[in-house]
Amino acid sequence: MTTFTADRFVRSGKVRDLYELDSERLLLVASDRLSAFDVVLPTVIPDKGKILTGLSRFWFGRTASTIPNHLLSTDPTTVADVGTHTRDLRGRILIVRKLAMYPVEWVVRGFLAGSGWKDYQRSQAISGVALPPGLVEGDRLPTPILTPSTKAEGGIHDEPISFDHVVDVVGPEVAEQARALAMALYQLAASHCEDRGLLLADTKFEFGHDGTEGRTHVVIGDEVLTPDSSRFWDAEAYAPGGPQPSFDKQFVRDWLERQPWDKTDPGPALPDDVVAGTRSRYIEAYERITGASFARYLAEDVVAP
């Protein structure tokens with residue numbers, strides 16, 4: 001947990017520490033923690049929080065014409081009483097407006113992978129969405145699909161839910177608007193990624209609302225289109241029929257699957273080569289997507305949106 005302003009501390013998530021700045025703003029600090037299978041691992045990935053923040057900053061800017069977001073600033077000098085912690089916080093904070101978050105993760109899949117592949121093998125469907133027979137692991141789906149899940153807290157596993165369940169939870173108007181926005185965001189991001197030699201296999205979005213009269217019901221929050229929340233594959237090496245070379249935490253998941261671990265807390269410590277391999281994959285995702293040097297990002301004096 002970050003401790004620079006303990007009196008404002010709200011809670012720690014799997015990766016981020018949350019602080020209340022005032023009645024309208026929150027401070028999100030992205031740590032270098034890594035979670036897998038809903039367990040926070042004991043080994044950190046150096047600079048991971050800055051990579052996630054840099055990518056979220058990029059995507060919030062790129063998608064702002066499609067959907068409003070919660071980002072106000074990424075400059076720690078605008079936060080009172082930061083003091084000597086400014087250097088530690090640069091590049092890893094989001095100053096955001098408060099949202100009431102919907103308890104749903106909006107998962108969009110364009111390819112058959114991960115839990116979606118496991119579902120398909122059992123039922124030729126993912127979360128009740130029927131798919132054509134004969135697909136193999138890694139196949140591009142005929143069209144991207146939405147497979148929402150619960151947004152669980154406290155280490156509880158997220159569970160797939162039907163769209164009808166989403167309607168019951170958030171209401172039909174919000175459900176339809178969020179579905180349309182999630183699909184539009186995926187298409188925009190997938191096109192951008194393909195231009196840069198990446199395939200966006202799947203991703204998840206989190207939406208909320210700020211209660212402002214006259215504004216859209218749906219605002220995007222949390223992080224967006226990072227290696228923690230998405231699968232990015234190397235387009236040049238893409239070959240359906242098995243796992244794909246990726247630039248996300250699948251590298252860690254694959255190592256964990258080979259360990260004698262029951263996927264409950266505590267998780268195993270990661271060896272140095274897995275840490276280094278994960279960091280390099282996250283950095284490559286950042287540089288391919290943004291077209292910018294991560295080393296330059298680290299060297300910036302002030303990180304502004």
# chains A, B, ... in the order shown; residues from 1 in each chain; ligands from 1
>>> select_by_dssp(residues="region 30-279 of chain A", states="helix (DSSP H, G or I)", output="PyMOL selection string")
chain A and resi 48-63+76-78+83-89+114-123+163-170+172-195+250-257+272-279
>>> closest_atom_pairs(of="region 64-109 of chain A", to="region 22-28 of chain A", cutoff="6 Å", atoms="only C-alpha atoms", output="JSON lines")
{"residue": "A:Ile93", "atom": "CA", "partner": "A:Leu28", "partner_atom": "CA", "distance": 5.5}
{"residue": "A:Leu94", "atom": "CA", "partner": "A:Leu28", "partner_atom": "CA", "distance": 5.1}
{"residue": "A:Ile95", "atom": "CA", "partner": "A:Leu27", "partner_atom": "CA", "distance": 4.7}
{"residue": "A:Val96", "atom": "CA", "partner": "A:Leu26", "partner_atom": "CA", "distance": 5.3}
{"residue": "A:Arg97", "atom": "CA", "partner": "A:Arg25", "partner_atom": "CA", "distance": 4.4}
{"residue": "A:Lys98", "atom": "CA", "partner": "A:Arg25", "partner_atom": "CA", "distance": 5.4}
>>> write_last_selection(atoms="all heavy atoms", output="CSV table (one decimal), in the first residue's frame")
chain,number,residue,atom,x,y,z
A,93,ILE,N,0.1,7.8,-11.3
A,93,ILE,CA,-1.2,8.2,-10.7
A,93,ILE,C,-2.2,8.7,-11.7
A,93,ILE,O,-1.8,9.2,-12.8
A,93,ILE,CB,-1.0,9.3,-9.7
A,93,ILE,CG1,-0.6,10.6,-10.3
A,93,ILE,CG2,0.0,8.9,-8.6
A,93,ILE,CD1,-0.7,11.8,-9.4
A,94,LEU,N,-3.4,8.4,-11.4
A,94,LEU,CA,-4.5,9.0,-12.1
A,94,LEU,C,-5.3,9.8,-11.1
A,94,LEU,O,-5.8,9.3,-10.1
A,94,LEU,CB,-5.4,8.0,-12.8
A,94,LEU,CG,-4.8,7.0,-13.8
A,94,LEU,CD1,-5.8,6.0,-14.3
A,94,LEU,CD2,-4.3,7.8,-15.0
A,95,ILE,N,-5.5,11.1,-11.4
A,95,ILE,CA,-6.4,11.9,-10.6
A,95,ILE,C,-7.7,11.9,-11.3
A,95,ILE,O,-7.8,12.4,-12.5
A,95,ILE,CB,-5.9,13.4,-10.4
A,95,ILE,CG1,-4.5,13.3,-9.7
A,95,ILE,CG2,-6.9,14.2,-9.6
A,95,ILE,CD1,-3.8,14.6,-9.7
A,96,VAL,N,-8.8,11.4,-10.7
A,96,VAL,CA,-10.0,11.2,-11.4
A,96,VAL,C,-11.2,11.8,-10.7
A,96,VAL,O,-11.2,12.0,-9.5
A,96,VAL,CB,-10.2,9.7,-11.7
A,96,VAL,CG1,-9.1,9.1,-12.4
A,96,VAL,CG2,-10.5,8.9,-10.3
A,97,ARG,N,-12.3,12.0,-11.5
A,97,ARG,CA,-13.5,12.4,-10.8
A,97,ARG,C,-14.2,11.1,-10.3
A,97,ARG,O,-14.1,10.0,-10.8
A,97,ARG,CB,-14.4,13.2,-11.7
A,97,ARG,CG,-14.8,12.5,-13.0
A,97,ARG,CD,-15.4,13.6,-14.0
A,97,ARG,NE,-15.6,13.0,-15.3
A,97,ARG,CZ,-16.8,12.7,-15.8
A,97,ARG,NH1,-17.9,12.9,-15.1
A,97,ARG,NH2,-16.9,12.3,-17.0
A,98,LYS,N,-15.0,11.3,-9.2
A,98,LYS,CA,-15.7,10.2,-8.6
A,98,LYS,C,-16.8,9.7,-9.5
A,98,LYS,O,-17.5,10.5,-10.1
A,98,LYS,CB,-16.3,10.6,-7.3
A,98,LYS,CG,-15.3,10.8,-6.2
A,98,LYS,CD,-16.0,11.0,-4.9
A,98,LYS,CE,-15.0,11.2,-3.7
A,98,LYS,NZ,-15.7,11.5,-2.4
>>> closest_atom_pairs(of="region 128-227 of chain A", to="region 101-112 of chain A", cutoff="6 Å", atoms="only C-alpha atoms", output="Markdown table")
| residue | atom | partner | partner_atom | distance |
| --- | --- | --- | --- | --- |
| A:Glu137 | CA | A:Leu112 | CA | 5.6 |
| A:Gly138 | CA | A:Leu112 | CA | 4.9 |
| A:Asp139 | CA | A:Leu112 | CA | 5.4 |
| A:Arg140 | CA | A:Phe111 | CA | 4.3 |
| A:Leu141 | CA | A:Phe111 | CA | 5.2 |
| A:Pro144 | CA | A:Gly110 | CA | 4.3 |
| A:Ile145 | CA | A:Arg109 | CA | 5.4 |
| A:Leu146 | CA | A:Val108 | CA | 4.6 |
| A:Thr147 | CA | A:Val107 | CA | 5.2 |
| A:Pro148 | CA | A:Trp106 | CA | 4.7 |
| A:Ser149 | CA | A:Glu105 | CA | 5.2 |
| A:Thr150 | CA | A:Val104 | CA | 4.9 |
| A:Lys151 | CA | A:Val104 | CA | 4.9 |
| A:Ala201 | CA | A:Phe111 | CA | 4.9 |
| A:Asp202 | CA | A:Arg109 | CA | 4.3 |
| A:Thr203 | CA | A:Val108 | CA | 5.6 |
| A:Lys204 | CA | A:Val107 | CA | 4.2 |
| A:Phe205 | CA | A:Trp106 | CA | 5.0 |
| A:Glu206 | CA | A:Glu105 | CA | 5.5 |
| A:Phe207 | CA | A:Met101 | CA | 5.9 |
| A:Gly208 | CA | A:Met101 | CA | 3.9 |
>>> atom_distance(atom1="CA of Ala180 (chain A)", atom2="CA of Ser56 (chain A)")
20.5 Å
>>> closest_atom_pairs(of="region 28-128 of chain A", to="region 233-256 of chain A", cutoff="9 Å", atoms="only C-alpha atoms", output="JSON lines")
{"residue": "A:Leu34", "atom": "CA", "partner": "A:Lys249", "partner_atom": "CA", "distance": 8.5}
{"residue": "A:Ser35", "atom": "CA", "partner": "A:Lys249", "partner_atom": "CA", "distance": 8.9}
{"residue": "A:Ala36", "atom": "CA", "partner": "A:Arg253", "partner_atom": "CA", "distance": 6.5}
{"residue": "A:Phe37", "atom": "CA", "partner": "A:Arg253", "partner_atom": "CA", "distance": 7.9}
{"residue": "A:Ala113", "atom": "CA", "partner": "A:Pro243", "partner_atom": "CA", "distance": 7.7}
{"residue": "A:Gly114", "atom": "CA", "partner": "A:Pro243", "partner_atom": "CA", "distance": 8.9}
>>> decode(residues="region 217-228 of chain A", atoms="N, CA and C atoms", output="tab-separated table (two decimals), in the first residue's frame")
chain	number	residue	atom	x	y	z
A	217	HIS	N	-25.26	8.40	-19.38
A	217	HIS	CA	-25.34	7.53	-18.22
A	217	HIS	C	-24.03	6.77	-18.00
A	218	VAL	N	-23.23	6.62	-19.03
A	218	VAL	CA	-22.08	5.73	-18.98
A	218	VAL	C	-20.79	6.50	-19.18
A	219	VAL	N	-19.89	6.35	-18.21
A	219	VAL	CA	-18.55	6.95	-18.25
A	219	VAL	C	-17.55	5.82	-18.01
A	220	ILE	N	-16.45	5.80	-18.77
A	220	ILE	CA	-15.47	4.75	-18.56
A	220	ILE	C	-14.52	5.13	-17.43
A	221	GLY	N	-14.23	4.15	-16.57
A	221	GLY	CA	-13.36	4.41	-15.42
A	221	GLY	C	-12.30	3.33	-15.28
A	222	ASP	N	-11.64	3.34	-14.11
A	222	ASP	CA	-10.58	2.39	-13.79
A	222	ASP	C	-9.46	2.53	-14.81
A	223	GLU	N	-8.90	1.42	-15.29
A	223	GLU	CA	-7.89	1.45	-16.34
A	223	GLU	C	-8.55	1.07	-17.65
A	224	VAL	N	-7.81	1.21	-18.76
A	224	VAL	CA	-8.41	0.86	-20.04
A	224	VAL	C	-7.34	0.34	-20.99
A	225	LEU	N	-7.59	-0.85	-21.54
A	225	LEU	CA	-6.78	-1.43	-22.61
A	225	LEU	C	-5.30	-1.53	-22.25
A	226	THR	N	-5.04	-2.10	-21.08
A	226	THR	CA	-3.67	-2.34	-20.63
A	226	THR	C	-3.36	-3.84	-20.69
A	227	PRO	N	-2.09	-4.23	-20.53
A	227	PRO	CA	-1.77	-5.67	-20.49
A	227	PRO	C	-2.35	-6.39	-19.28
A	228	ASP	N	-2.79	-5.67	-18.27
A	228	ASP	CA	-3.46	-6.30	-17.14
A	228	ASP	C	-4.91	-6.65	-17.46
